>>> print(open('work_13.cif').read())   # mmCIF, C-alpha atoms
data_my_file
loop_
_atom_site.label_atom_id
_atom_site.label_comp_id
_atom_site.auth_asym_id
_atom_site.auth_seq_id
_atom_site.Cartn_x
_atom_site.Cartn_y
_atom_site.Cartn_z
CA MET A 13 0.00 0.00 0.00
CA GLN A 14 1.32 3.39 -1.00
CA LEU A 15 0.45 6.85 0.24
CA ILE A 16 1.36 9.54 -2.29
CA GLY A 17 1.82 13.19 -1.41
CA LEU A 18 3.93 15.64 0.57
CA LEU A 19 3.48 15.79 4.34
CA ARG A 20 3.26 19.55 4.13
CA SER A 21 -0.28 18.90 2.80
CA PRO A 22 -2.55 18.65 5.86
CA PHE A 23 -4.67 16.11 4.00
CA VAL A 24 -1.71 13.83 3.30
CA ARG A 25 -0.39 14.31 6.82
CA ARG A 26 -3.63 13.45 8.60
CA VAL A 27 -3.92 10.25 6.59
CA ALA A 28 -0.29 9.31 7.38
CA ILE A 29 -0.72 9.97 11.11
CA SER A 30 -4.06 8.15 11.22
CA LEU A 31 -2.64 5.08 9.47
CA LYS A 32 0.08 4.96 12.13
CA TYR A 33 -2.53 5.04 14.90
CA TYR A 34 -4.50 2.31 13.10
CA GLY A 35 -1.29 0.28 12.95
CA ILE A 36 -1.54 -0.09 9.17
CA PRO A 37 1.85 -0.17 7.41
CA PHE A 38 2.33 1.81 4.19
CA GLU A 39 5.03 3.13 1.90
CA HIS A 40 5.17 6.89 1.53
CA TYR A 41 5.97 8.63 -1.76
CA PRO A 42 6.40 12.36 -1.19
CA LEU A 43 5.29 13.60 -4.60
CA SER A 44 4.17 17.19 -5.28
CA ALA A 45 1.05 18.01 -7.30
CA PHE A 46 2.92 20.91 -8.90
CA GLY A 47 5.96 21.18 -11.17
CA GLU A 48 7.66 17.93 -12.11
CA GLY A 49 5.33 15.92 -9.89
CA TYR A 50 2.21 16.81 -11.88
CA PRO A 51 2.69 14.57 -14.97
CA ILE A 52 3.86 11.65 -12.79
CA LEU A 53 0.88 12.05 -10.49
CA SER A 54 -1.56 12.43 -13.41
CA ALA A 55 -0.45 9.06 -14.74
CA ILE A 56 -1.35 7.42 -11.41
CA ASN A 57 -4.46 9.47 -10.62
CA PRO A 58 -6.28 11.14 -13.55
CA VAL A 59 -7.40 14.00 -11.30
CA ALA A 60 -3.91 14.57 -9.83
CA LYS A 61 -5.43 14.77 -6.35
CA LEU A 62 -3.36 14.38 -3.21
CA PRO A 63 -3.38 12.35 -1.11
CA THR A 64 -3.72 9.39 -3.46
CA LEU A 65 -3.70 6.00 -1.79
CA VAL A 66 -2.82 2.99 -3.93
CA LEU A 67 -4.28 -0.17 -2.40
CA ASP A 68 -2.58 -3.55 -2.75
CA ASN A 69 -5.14 -4.60 -5.38
CA GLY A 70 -4.24 -1.53 -7.46
CA ASP A 71 -7.39 0.44 -6.71
CA ILE A 72 -6.76 4.10 -6.00
CA LEU A 73 -8.53 6.12 -3.36
CA MET A 74 -8.38 9.90 -3.26
CA ASP A 75 -9.56 12.58 -0.83
CA SER A 76 -8.41 12.22 2.77
CA GLY A 77 -12.00 11.94 4.00
CA LEU A 78 -12.81 8.98 1.74
CA ILE A 79 -9.48 7.29 2.49
CA LEU A 80 -10.06 7.57 6.24
CA GLU A 81 -13.69 6.47 5.89
CA TYR A 82 -12.39 3.29 4.27
CA PHE A 83 -9.90 2.42 7.01
CA GLU A 84 -12.18 3.56 9.83
CA SER A 85 -14.81 1.06 8.64
CA GLN A 86 -12.28 -1.78 8.37
CA VAL A 87 -10.33 -1.59 11.63
CA PRO A 88 -11.48 -3.34 14.83
CA VAL A 89 -13.63 -1.24 17.16
CA ILE A 90 -10.78 -0.81 19.63
CA GLN A 91 -8.70 0.98 16.99
CA LYS A 92 -11.37 3.27 15.60
CA LEU A 93 -10.64 7.00 15.71
CA LEU A 94 -14.32 8.02 15.65
CA PRO A 95 -16.97 7.33 18.29
CA MET A 96 -19.93 5.19 17.23
CA THR A 97 -22.92 6.67 19.06
CA ALA A 98 -24.87 9.27 17.11
CA ASN A 99 -24.41 12.32 19.35
CA ASP A 100 -20.71 11.76 19.93
CA LEU A 101 -20.12 11.02 16.27
CA ALA A 102 -21.89 14.22 15.22
CA SER A 103 -19.83 16.36 17.60
CA HIS A 104 -16.59 14.79 16.36
CA LEU A 105 -17.59 15.21 12.69
CA LYS A 106 -18.50 18.84 13.37
CA VAL A 107 -14.96 19.45 14.67
CA ILE A 108 -13.41 17.57 11.75
CA GLY A 109 -15.50 19.65 9.33
CA LEU A 110 -14.19 22.86 10.88
CA ALA A 111 -10.60 21.60 10.85
CA MET A 112 -10.77 20.50 7.22
CA MET A 113 -12.29 23.82 6.17
CA GLY A 114 -9.57 25.66 8.08
CA ALA A 115 -6.99 23.57 6.23
CA ASP A 116 -8.70 23.83 2.84
CA LYS A 117 -9.15 27.59 2.96
CA THR A 118 -5.52 27.92 4.07
CA VAL A 119 -4.48 25.90 0.99
CA GLN A 120 -6.62 28.15 -1.21
CA LEU A 121 -5.28 31.38 0.28
CA ALA A 122 -1.68 30.13 0.04
CA TYR A 123 -2.32 29.25 -3.61
CA GLU A 124 -3.89 32.63 -4.31
CA THR A 125 -1.13 34.66 -2.69
CA GLN A 126 1.95 32.51 -3.33
CA ARG A 127 1.38 30.70 -6.65
CA ARG A 128 -0.61 33.11 -8.79
CA PRO A 129 1.14 36.05 -10.44
CA GLU A 130 0.53 39.20 -8.42
CA ASP A 131 -1.65 40.83 -11.07
CA LYS A 132 -3.94 37.76 -11.10
CA GLN A 133 -4.62 37.87 -7.35
CA TYR A 134 -8.14 39.00 -6.45
CA GLY A 135 -8.65 41.10 -3.32
CA GLU A 136 -12.29 40.15 -2.81
CA TRP A 137 -11.43 36.45 -2.85
CA ILE A 138 -8.47 36.96 -0.50
CA GLU A 139 -10.76 38.79 1.92
CA ARG A 140 -13.37 36.03 1.80
CA LEU A 141 -10.83 33.25 2.37
CA THR A 142 -9.24 35.16 5.25
CA GLN A 143 -12.64 35.54 6.93
CA GLN A 144 -13.37 31.84 6.48
CA ILE A 145 -9.99 30.86 7.93
CA LYS A 146 -10.57 33.08 10.97
CA GLY A 147 -14.06 31.66 11.37
CA ALA A 148 -12.84 28.08 11.28
CA PHE A 149 -9.98 28.48 13.76
CA ASN A 150 -11.99 30.70 16.12
CA ALA A 151 -14.63 27.99 16.27
CA LEU A 152 -11.95 25.33 16.79
CA ASP A 153 -10.36 27.33 19.60
CA SER A 154 -13.74 27.39 21.37
CA GLU A 155 -14.24 23.69 20.73
CA VAL A 156 -10.89 22.93 22.30
CA ALA A 157 -11.78 25.12 25.29
CA ASN A 158 -15.23 23.53 25.77
CA ASN A 159 -14.48 19.88 25.18
CA SER A 160 -12.07 17.45 26.61
CA ASP A 161 -13.36 14.02 25.59
CA TRP A 162 -11.79 14.08 22.12
CA LEU A 163 -8.70 16.02 23.19
CA MET A 164 -6.40 14.33 25.58
CA GLY A 165 -8.77 11.62 26.75
CA GLU A 166 -7.80 7.99 27.08
CA ALA A 167 -7.48 7.61 23.33
CA ILE A 168 -6.52 9.74 20.39
CA SER A 169 -9.38 10.69 18.03
CA GLN A 170 -9.71 11.77 14.43
CA ALA A 171 -11.11 15.10 15.65
CA ALA A 172 -7.92 15.65 17.67
CA ILE A 173 -5.59 14.61 14.84
CA SER A 174 -7.38 16.75 12.25
CA THR A 175 -7.51 19.80 14.50
CA ALA A 176 -3.81 19.70 15.37
CA VAL A 177 -2.76 18.98 11.79
CA ALA A 178 -4.91 21.84 10.45
CA TRP A 179 -3.56 24.37 12.94
CA SER A 180 0.08 23.34 12.44
CA PHE A 181 -0.41 23.63 8.68
CA ASN A 182 -2.01 27.06 8.93
CA GLN A 183 0.91 28.35 10.99
CA TYR A 184 3.40 26.72 8.61
CA ALA A 185 1.86 27.86 5.32
CA LEU A 186 0.51 31.28 6.29
CA PRO A 187 2.41 32.37 9.43
CA ASN A 188 1.23 35.96 9.14
CA VAL A 189 -2.53 35.59 8.69
CA LEU A 190 -3.61 34.51 12.19
CA ASP A 191 -1.99 35.74 15.40
CA LYS A 192 -1.12 32.86 17.74
CA GLN A 193 -2.13 34.95 20.74
CA ASP A 194 -5.75 34.93 19.63
CA PHE A 195 -5.89 31.12 19.66
CA PRO A 196 -4.43 30.14 23.05
CA ASN A 197 -6.37 26.88 23.43
CA LEU A 198 -5.52 25.72 19.94
CA VAL A 199 -1.83 26.54 20.42
CA GLN A 200 -1.56 24.60 23.67
CA PHE A 201 -3.60 21.66 22.38
CA THR A 202 -1.57 21.37 19.19
CA GLN A 203 1.72 21.53 21.10
CA SER A 204 0.59 18.52 23.17
CA LEU A 205 -0.33 16.49 20.10
CA GLU A 206 2.75 17.48 18.11
CA SER A 207 4.87 16.01 20.91
CA LEU A 208 3.34 12.54 20.50
CA PRO A 209 5.58 9.95 18.77
CA ASN A 210 3.28 9.45 15.74
CA PHE A 211 3.24 13.19 15.12
CA ILE A 212 7.00 13.63 15.59
CA ASP A 213 7.50 10.71 13.24
CA THR A 214 5.37 12.48 10.58
CA PRO A 215 6.79 15.99 10.33
CA ILE A 216 5.27 18.67 8.09
CA GLU A 217 8.48 18.61 6.08
CA MET B 27 -33.18 18.89 10.76
CA GLN B 28 -32.29 21.47 8.16
CA LEU B 29 -30.24 21.19 5.00
CA ILE B 30 -28.88 24.56 3.88
CA GLY B 31 -27.70 25.30 0.35
CA LEU B 32 -28.79 25.57 -3.27
CA LEU B 33 -29.50 22.36 -5.19
CA ARG B 34 -27.35 23.66 -8.04
CA SER B 35 -24.42 22.74 -5.77
CA PRO B 36 -23.62 19.08 -6.47
CA PHE B 37 -22.58 18.68 -2.82
CA VAL B 38 -25.92 19.96 -1.52
CA ARG B 39 -27.82 17.95 -4.12
CA ARG B 40 -26.14 14.63 -3.39
CA VAL B 41 -26.90 15.05 0.31
CA ALA B 42 -30.55 15.91 -0.44
CA ILE B 43 -31.00 12.92 -2.76
CA SER B 44 -29.21 10.57 -0.35
CA LEU B 45 -31.37 11.67 2.59
CA LYS B 46 -34.44 10.84 0.50
CA TYR B 47 -33.10 7.35 -0.20
CA TYR B 48 -32.31 6.92 3.50
CA GLY B 49 -35.90 7.95 4.26
CA ILE B 50 -34.74 10.74 6.57
CA PRO B 51 -37.02 13.82 6.53
CA PHE B 52 -35.46 17.29 6.45
CA GLU B 53 -36.30 20.90 5.77
CA HIS B 54 -34.43 22.51 2.91
CA TYR B 55 -33.23 26.12 2.97
CA PRO B 56 -31.91 27.11 -0.46
CA LEU B 57 -29.36 29.71 0.63
CA SER B 58 -26.48 30.89 -1.56
CA ALA B 59 -22.92 31.23 -0.24
CA PHE B 60 -22.52 34.39 -2.30
CA GLY B 61 -24.16 37.81 -2.25
CA GLU B 62 -26.93 38.35 0.33
CA GLY B 63 -26.68 34.75 1.49
CA TYR B 64 -23.10 35.09 2.74
CA PRO B 65 -23.67 37.06 5.99
CA ILE B 66 -26.74 34.93 6.86
CA LEU B 67 -24.79 31.75 6.25
CA SER B 68 -21.73 33.00 8.18
CA ALA B 69 -23.93 33.50 11.25
CA ILE B 70 -24.99 29.83 11.11
CA ASN B 71 -21.68 28.34 9.99
CA PRO B 72 -18.48 30.32 10.69
CA VAL B 73 -16.82 28.90 7.58
CA ALA B 74 -19.82 29.65 5.32
CA LYS B 75 -19.54 26.19 3.83
CA LEU B 76 -22.37 24.55 1.91
CA PRO B 77 -23.98 22.18 2.46
CA THR B 78 -24.48 22.92 6.13
CA LEU B 79 -26.67 20.48 7.98
CA VAL B 80 -28.24 21.64 11.24
CA LEU B 81 -29.07 18.64 13.42
CA ASP B 82 -32.04 18.65 15.81
CA ASN B 83 -29.68 19.14 18.79
CA GLY B 84 -28.28 22.27 17.12
CA ASP B 85 -24.94 20.75 16.09
CA ILE B 86 -23.85 21.71 12.59
CA LEU B 87 -22.19 19.38 10.13
CA MET B 88 -20.46 20.62 7.01
CA ASP B 89 -18.92 18.97 3.97
CA SER B 90 -21.11 16.53 2.04
CA GLY B 91 -18.70 13.66 2.72
CA LEU B 92 -18.82 14.10 6.50
CA ILE B 93 -22.60 14.59 6.47
CA LEU B 94 -23.11 11.40 4.49
CA GLU B 95 -20.60 9.50 6.63
CA TYR B 96 -22.74 10.39 9.63
CA PHE B 97 -26.02 9.13 8.18
CA GLU B 98 -24.45 6.11 6.48
CA SER B 99 -23.22 4.95 9.89
CA GLN B 100 -26.60 5.48 11.55
CA VAL B 101 -29.09 3.90 9.12
CA PRO B 102 -29.98 0.19 9.23
CA VAL B 103 -27.88 -2.05 6.99
CA ILE B 104 -30.72 -2.48 4.50
CA GLN B 105 -30.74 1.26 3.80
CA LYS B 106 -26.99 1.80 3.48
CA LEU B 107 -25.77 3.31 0.22
CA LEU B 108 -22.24 1.86 0.54
CA PRO B 109 -21.21 -1.81 0.54
CA MET B 110 -19.57 -3.14 3.68
CA THR B 111 -16.93 -5.59 2.46
CA ALA B 112 -13.45 -4.13 1.96
CA ASN B 113 -13.00 -4.67 -1.79
CA ASP B 114 -16.47 -3.51 -2.75
CA LEU B 115 -16.21 -0.53 -0.44
CA ALA B 116 -12.86 0.49 -1.94
CA SER B 117 -14.19 0.31 -5.49
CA HIS B 118 -17.23 2.41 -4.56
CA LEU B 119 -15.11 4.98 -2.72
CA LYS B 120 -12.79 5.20 -5.71
CA VAL B 121 -15.75 6.13 -7.93
CA ILE B 122 -17.08 8.61 -5.37
CA GLY B 123 -13.62 10.20 -5.18
CA LEU B 124 -13.54 10.66 -8.95
CA ALA B 125 -17.08 12.05 -8.99
CA MET B 126 -16.40 14.52 -6.18
CA MET B 127 -13.19 15.71 -7.85
CA GLY B 128 -15.07 16.14 -11.14
CA ALA B 129 -17.65 18.20 -9.27
CA ASP B 130 -15.12 20.17 -7.22
CA LYS B 131 -12.91 21.09 -10.16
CA THR B 132 -16.05 22.11 -12.09
CA VAL B 133 -16.98 24.42 -9.19
CA GLN B 134 -13.45 25.87 -9.22
CA LEU B 135 -13.40 26.41 -12.98
CA ALA B 136 -16.87 27.98 -12.94
CA TYR B 137 -15.69 30.29 -10.15
CA GLU B 138 -12.51 31.20 -12.03
CA THR B 139 -14.24 31.95 -15.34
CA GLN B 140 -17.61 33.26 -14.19
CA ARG B 141 -17.08 35.06 -10.86
CA ARG B 142 -13.61 36.58 -11.09
CA PRO B 143 -13.07 39.75 -13.12
CA GLU B 144 -11.62 38.86 -16.52
CA ASP B 145 -8.23 40.43 -15.80
CA LYS B 146 -7.90 38.31 -12.63
CA GLN B 147 -8.40 35.01 -14.45
CA TYR B 148 -5.26 32.89 -14.76
CA GLY B 149 -4.73 30.83 -17.91
CA GLU B 150 -2.39 28.30 -16.34
CA TRP B 151 -4.90 27.53 -13.59
CA ILE B 152 -7.77 27.29 -16.10
CA GLU B 153 -5.72 24.81 -18.14
CA ARG B 154 -4.94 22.70 -15.08
CA LEU B 155 -8.55 22.60 -13.89
CA THR B 156 -9.77 21.70 -17.40
CA GLN B 157 -7.34 18.79 -17.55
CA GLN B 158 -8.43 17.57 -14.13
CA ILE B 159 -12.11 17.77 -15.10
CA LYS B 160 -11.45 15.79 -18.29
CA GLY B 161 -9.43 13.25 -16.30
CA ALA B 162 -12.16 12.75 -13.75
CA PHE B 163 -15.04 12.31 -16.20
CA ASN B 164 -13.02 10.15 -18.61
CA ALA B 165 -12.26 7.82 -15.72
CA LEU B 166 -15.91 7.85 -14.64
CA ASP B 167 -17.05 7.05 -18.20
CA SER B 168 -14.79 3.97 -18.14
CA GLU B 169 -16.03 3.01 -14.68
CA VAL B 170 -19.62 3.15 -15.90
CA ALA B 171 -18.71 1.04 -18.95
CA ASN B 172 -16.81 -1.57 -16.90
CA ASN B 173 -19.06 -1.95 -13.89
CA SER B 174 -22.67 -2.69 -13.39
CA ASP B 175 -23.03 -3.63 -9.74
CA TRP B 176 -23.22 -0.07 -8.45
CA LEU B 177 -25.09 1.24 -11.46
CA MET B 178 -28.55 -0.06 -12.02
CA GLY B 179 -28.29 -3.10 -9.75
CA GLU B 180 -30.97 -4.08 -7.30
CA ALA B 181 -30.30 -1.04 -5.16
CA ILE B 182 -29.15 2.52 -5.64
CA SER B 183 -25.65 3.29 -4.32
CA GLN B 184 -23.75 6.39 -3.21
CA ALA B 185 -21.33 5.80 -6.10
CA ALA B 186 -24.26 5.94 -8.54
CA ILE B 187 -25.84 9.03 -6.94
CA SER B 188 -22.54 10.93 -6.79
CA THR B 189 -21.58 10.06 -10.37
CA ALA B 190 -24.91 11.17 -11.84
CA VAL B 191 -25.05 14.33 -9.73
CA ALA B 192 -21.48 15.28 -10.69
CA TRP B 193 -22.06 14.81 -14.42
CA SER B 194 -25.39 16.66 -14.41
CA PHE B 195 -23.72 19.52 -12.55
CA ASN B 196 -20.79 19.68 -14.95
CA GLN B 197 -23.16 19.91 -17.92
CA TYR B 198 -25.28 22.50 -16.13
CA ALA B 199 -22.46 24.75 -14.89
CA LEU B 200 -19.96 24.43 -17.74
CA PRO B 201 -21.92 23.22 -20.79
CA ASN B 202 -19.09 24.06 -23.19
CA VAL B 203 -16.07 22.43 -21.53
CA LEU B 204 -16.77 18.74 -22.14
CA ASP B 205 -18.45 17.37 -25.27
CA LYS B 206 -21.29 14.96 -24.41
CA GLN B 207 -20.33 12.75 -27.37
CA ASP B 208 -17.04 11.83 -25.67
CA PHE B 209 -18.84 10.48 -22.59
CA PRO B 210 -21.55 8.17 -23.99
CA ASN B 211 -21.68 5.82 -20.99
CA LEU B 212 -21.91 8.65 -18.50
CA VAL B 213 -24.65 10.37 -20.53
CA GLN B 214 -26.81 7.26 -20.72
CA PHE B 215 -26.22 6.30 -17.10
CA THR B 216 -27.05 9.77 -15.82
CA GLN B 217 -30.22 9.93 -17.92
CA SER B 218 -31.41 6.72 -16.23
CA LEU B 219 -30.77 8.05 -12.75
CA GLU B 220 -32.19 11.50 -13.43
CA SER B 221 -35.48 9.82 -14.35
CA LEU B 222 -35.83 8.25 -10.87
CA PRO B 223 -38.43 9.91 -8.59
CA ASN B 224 -35.90 11.02 -5.93
CA PHE B 225 -33.80 12.74 -8.61
CA ILE B 226 -36.78 14.37 -10.34
CA ASP B 227 -37.96 15.55 -6.93
CA THR B 228 -34.53 17.21 -6.33
CA PRO B 229 -33.89 19.27 -9.48
CA ILE B 230 -30.64 21.18 -10.04
CA GLU B 231 -32.70 24.36 -10.11
#
>>> encode(input="work_13.cif", output="structure tokens")
Amino acid sequence: MQLIGLLRSPFVRRVAISLKYYGIPFEHYPLSAFGEGYPILSAINPVAKLPTLVLDNGDILMDSGLILEYFESQVPVIQKLLPMTANDLASHLKVIGLAMMGADKTVQLAYETQRRPEDKQYGEWIERLTQQIKGAFNALDSEVANNSDWLMGEAISQAAISTAVAWSFNQYALPNVLDKQDFPNLVQFTQSLESLPNFIDTPIE
Amino acid sequence: MQLIGLLRSPFVRRVAISLKYYGIPFEHYPLSAFGEGYPILSAINPVAKLPTLVLDNGDILMDSGLILEYFESQVPVIQKLLPMTANDLASHLKVIGLAMMGADKTVQLAYETQRRPEDKQYGEWIERLTQQIKGAFNALDSEVANNSDWLMGEAISQAAISTAVAWSFNQYALPNVLDKQDFPNLVQFTQSLESLPNFIDTPIE
């Protein structure tokens, strides 16, 4: 089984970290979706989407959510990263939704401001993305402050992994958009998770 | 329970159609993420992401994949829209991944060419998105030609719903990017699904 994509992508990284918690071995190919990586990637995955996971039977899965849905459904209950009762599941999925939007809008804003020529950047879009990023991480900071079951409880959760990965990525990719001081709960929470062996073993770069 | 978002969004529409197949009642609020809808939506969901699903306990879920993961896990086996064995599940998730990328890249290309001022549009990005859209729907056309279990088998599947919704959306939003004649399997397959009562009852607009 092969996981394709750079760990600087929060979507690749959350899959890599989750697979380690599931105890599922994989090979990692750190391929970029840009530059020289694009034609290679396109030959493996016609949409050139990262992460791409190549299963042992040759099937490819793409999109971190779908990849994790697959493994989450296959592992024994004791190893699952999501709770199974309706209310708990909904509150975890809410947090994951916020984290993934925070990550996705960070990707989009980084693309807009770092990859497009300056005269093709669009102020209205930059403003919208910035608002959405603030909205996502403000909500996550409150979630971290108000919840503890999915944080540092007995077991790691997908909500915890996704939240920490999203925040670390935001600070890595766009260090000047959000001020750390405004997100004290998120900063402290992420520091705790980033010091766990599976996180240290899966660095952003 | 409330589903927020316009049915012209393939992500909103696949959730609406899936909920009907699950037999789960909901109210539908057709709110746009742009223009006057944006501040209203931002007050409900800090990331202004559609679809937003408001559960009866007030929790909000966002992202069609996470919303469907929630309901898929809660409904009785007989009503599930995904298979449960590993190989079947992987092949369905592969198709769903392709369909969602086809839909997502169509959204991005429509945004780039229809919402940004002309002088802010970026040819290199337009070229990339167009290639990704072609890649996704070419792969889906082959999937439709080579598979029948998730197509018009005994039961509807999430792979079938997502594929038909993605293709209908592409043709609706960007009628001049892909030529119908190059996707004969997809055209015929989508016509069959769009004639089902739950699809007719959930029109693009």
>>> atom_distance(input="work_13.cif", atom1="CA of Val24 in chain A", atom2="CA of Val107 in chain A")
18.3 Å
>>> atom_distance(input="work_13.cif", atom1="CA of Ile29 in chain A", atom2="CA of Asn210 in chain A")
6.1 Å
>>> interface_residues(input="work_13.cif", of="chain A", to="chain B", cutoff="6 Å", atoms="all atoms listed in the file", output="PyMOL selection string")
chain A and resi 58-59+73-74+106+109+132+144+147-148
>>> residues_near_point(input="work_13.cif", point="(-34.0, 7.9, -8.4)", cutoff="10 Å", atoms="all atoms listed in the file", output="list in words")
Ile43, Ser44, Lys46, Tyr47, Ile182, Ala186, Ile187, Ser218, Leu219, Glu220, Ser221, Leu222, Pro223, Asn224, Phe225, Ile226, Asp227 and Thr228 of chain B
>>> write_last_selection(input="work_13.cif", atoms="C-alpha atoms", output="PDB file, in the coordinates of the input")
ATOM      1  CA  ILE B  43     -31.000  12.920  -2.760  1.00  0.00           C
ATOM      2  CA  SER B  44     -29.210  10.570  -0.350  1.00  0.00           C
ATOM      3  CA  LYS B  46     -34.440  10.840   0.500  1.00  0.00           C
ATOM      4  CA  TYR B  47     -33.100   7.350  -0.200  1.00  0.00           C
ATOM      5  CA  ILE B 182     -29.150   2.520  -5.640  1.00  0.00           C
ATOM      6  CA  ALA B 186     -24.260   5.940  -8.540  1.00  0.00           C
ATOM      7  CA  ILE B 187     -25.840   9.030  -6.940  1.00  0.00           C
ATOM      8  CA  SER B 218     -31.410   6.720 -16.230  1.00  0.00           C
ATOM      9  CA  LEU B 219     -30.770   8.050 -12.750  1.00  0.00           C
ATOM     10  CA  GLU B 220     -32.190  11.500 -13.430  1.00  0.00           C
ATOM     11  CA  SER B 221     -35.480   9.820 -14.350  1.00  0.00           C
ATOM     12  CA  LEU B 222     -35.830   8.250 -10.870  1.00  0.00           C
ATOM     13  CA  PRO B 223     -38.430   9.910  -8.590  1.00  0.00           C
ATOM     14  CA  ASN B 224     -35.900  11.020  -5.930  1.00  0.00           C
ATOM     15  CA  PHE B 225     -33.800  12.740  -8.610  1.00  0.00           C
ATOM     16  CA  ILE B 226     -36.780  14.370 -10.340  1.00  0.00           C
ATOM     17  CA  ASP B 227     -37.960  15.550  -6.930  1.00  0.00           C
ATOM     18  CA  THR B 228     -34.530  17.210  -6.330  1.00  0.00           C
TER      19      THR B 228
END
>>> atom_distance(input="work_13.cif", atom1="CA of Arg26 in chain A", atom2="CA of Ile216 in chain A")
10.3 Å
>>> closest_residue(input="work_13.cif", among="B:Pro229, B:Ala69, B:Asp82, B:Asp130", to="Phe52 in chain B", atoms="all atoms listed in the file")
B:Asp82
>>> resolve_selection(input="work_13.cif", expression="the PyMOL selection byres ((chain B and resi 105) around 10)", output="list in words")
Tyr47, Tyr48, Gly49, Glu98, Gln100, Val101, Pro102, Val103, Ile104, Lys106, Leu107, Leu108, Ala181, Ile182 and Ser183 of chain B
>>> closest_residue(input="work_13.cif", among="A:Ala115, A:Met13, A:Ile36, A:Val156", to="Ala171 in chain A", atoms="only C-alpha atoms")
A:Val156
>>> decode(input="work_13.cif", residues="range 118-161 of chain B", atoms="C-alpha atoms", output="CSV table (one decimal), in the first residue's frame")
chain,number,residue,atom,x,y,z
B,118,HIS,CA,-17.2,2.4,-4.6
B,119,LEU,CA,-15.1,5.0,-2.7
B,120,LYS,CA,-12.8,5.2,-5.7
B,121,VAL,CA,-15.7,6.1,-7.9
B,122,ILE,CA,-17.1,8.6,-5.4
B,123,GLY,CA,-13.6,10.2,-5.2
B,124,LEU,CA,-13.5,10.7,-8.9
B,125,ALA,CA,-17.1,12.1,-9.0
B,126,MET,CA,-16.4,14.5,-6.2
B,127,MET,CA,-13.2,15.7,-7.9
B,128,GLY,CA,-15.1,16.1,-11.1
B,129,ALA,CA,-17.7,18.2,-9.3
B,130,ASP,CA,-15.1,20.2,-7.2
B,131,LYS,CA,-12.9,21.1,-10.2
B,132,THR,CA,-16.1,22.1,-12.1
B,133,VAL,CA,-17.0,24.4,-9.2
B,134,GLN,CA,-13.4,25.9,-9.2
B,135,LEU,CA,-13.4,26.4,-13.0
B,136,ALA,CA,-16.9,28.0,-12.9
B,137,TYR,CA,-15.7,30.3,-10.2
B,138,GLU,CA,-12.5,31.2,-12.0
B,139,THR,CA,-14.2,32.0,-15.3
B,140,GLN,CA,-17.6,33.3,-14.2
B,141,ARG,CA,-17.1,35.1,-10.9
B,142,ARG,CA,-13.6,36.6,-11.1
B,143,PRO,CA,-13.1,39.7,-13.1
B,144,GLU,CA,-11.6,38.9,-16.5
B,145,ASP,CA,-8.2,40.4,-15.8
B,146,LYS,CA,-7.9,38.3,-12.6
B,147,GLN,CA,-8.4,35.0,-14.4
B,148,TYR,CA,-5.3,32.9,-14.8
B,149,GLY,CA,-4.7,30.8,-17.9
B,150,GLU,CA,-2.4,28.3,-16.3
B,151,TRP,CA,-4.9,27.5,-13.6
B,152,ILE,CA,-7.8,27.3,-16.1
B,153,GLU,CA,-5.7,24.8,-18.1
B,154,ARG,CA,-4.9,22.7,-15.1
B,155,LEU,CA,-8.6,22.6,-13.9
B,156,THR,CA,-9.8,21.7,-17.4
B,157,GLN,CA,-7.3,18.8,-17.5
B,158,GLN,CA,-8.4,17.6,-14.1
B,159,ILE,CA,-12.1,17.8,-15.1
B,160,LYS,CA,-11.4,15.8,-18.3
B,161,GLY,CA,-9.4,13.3,-16.3
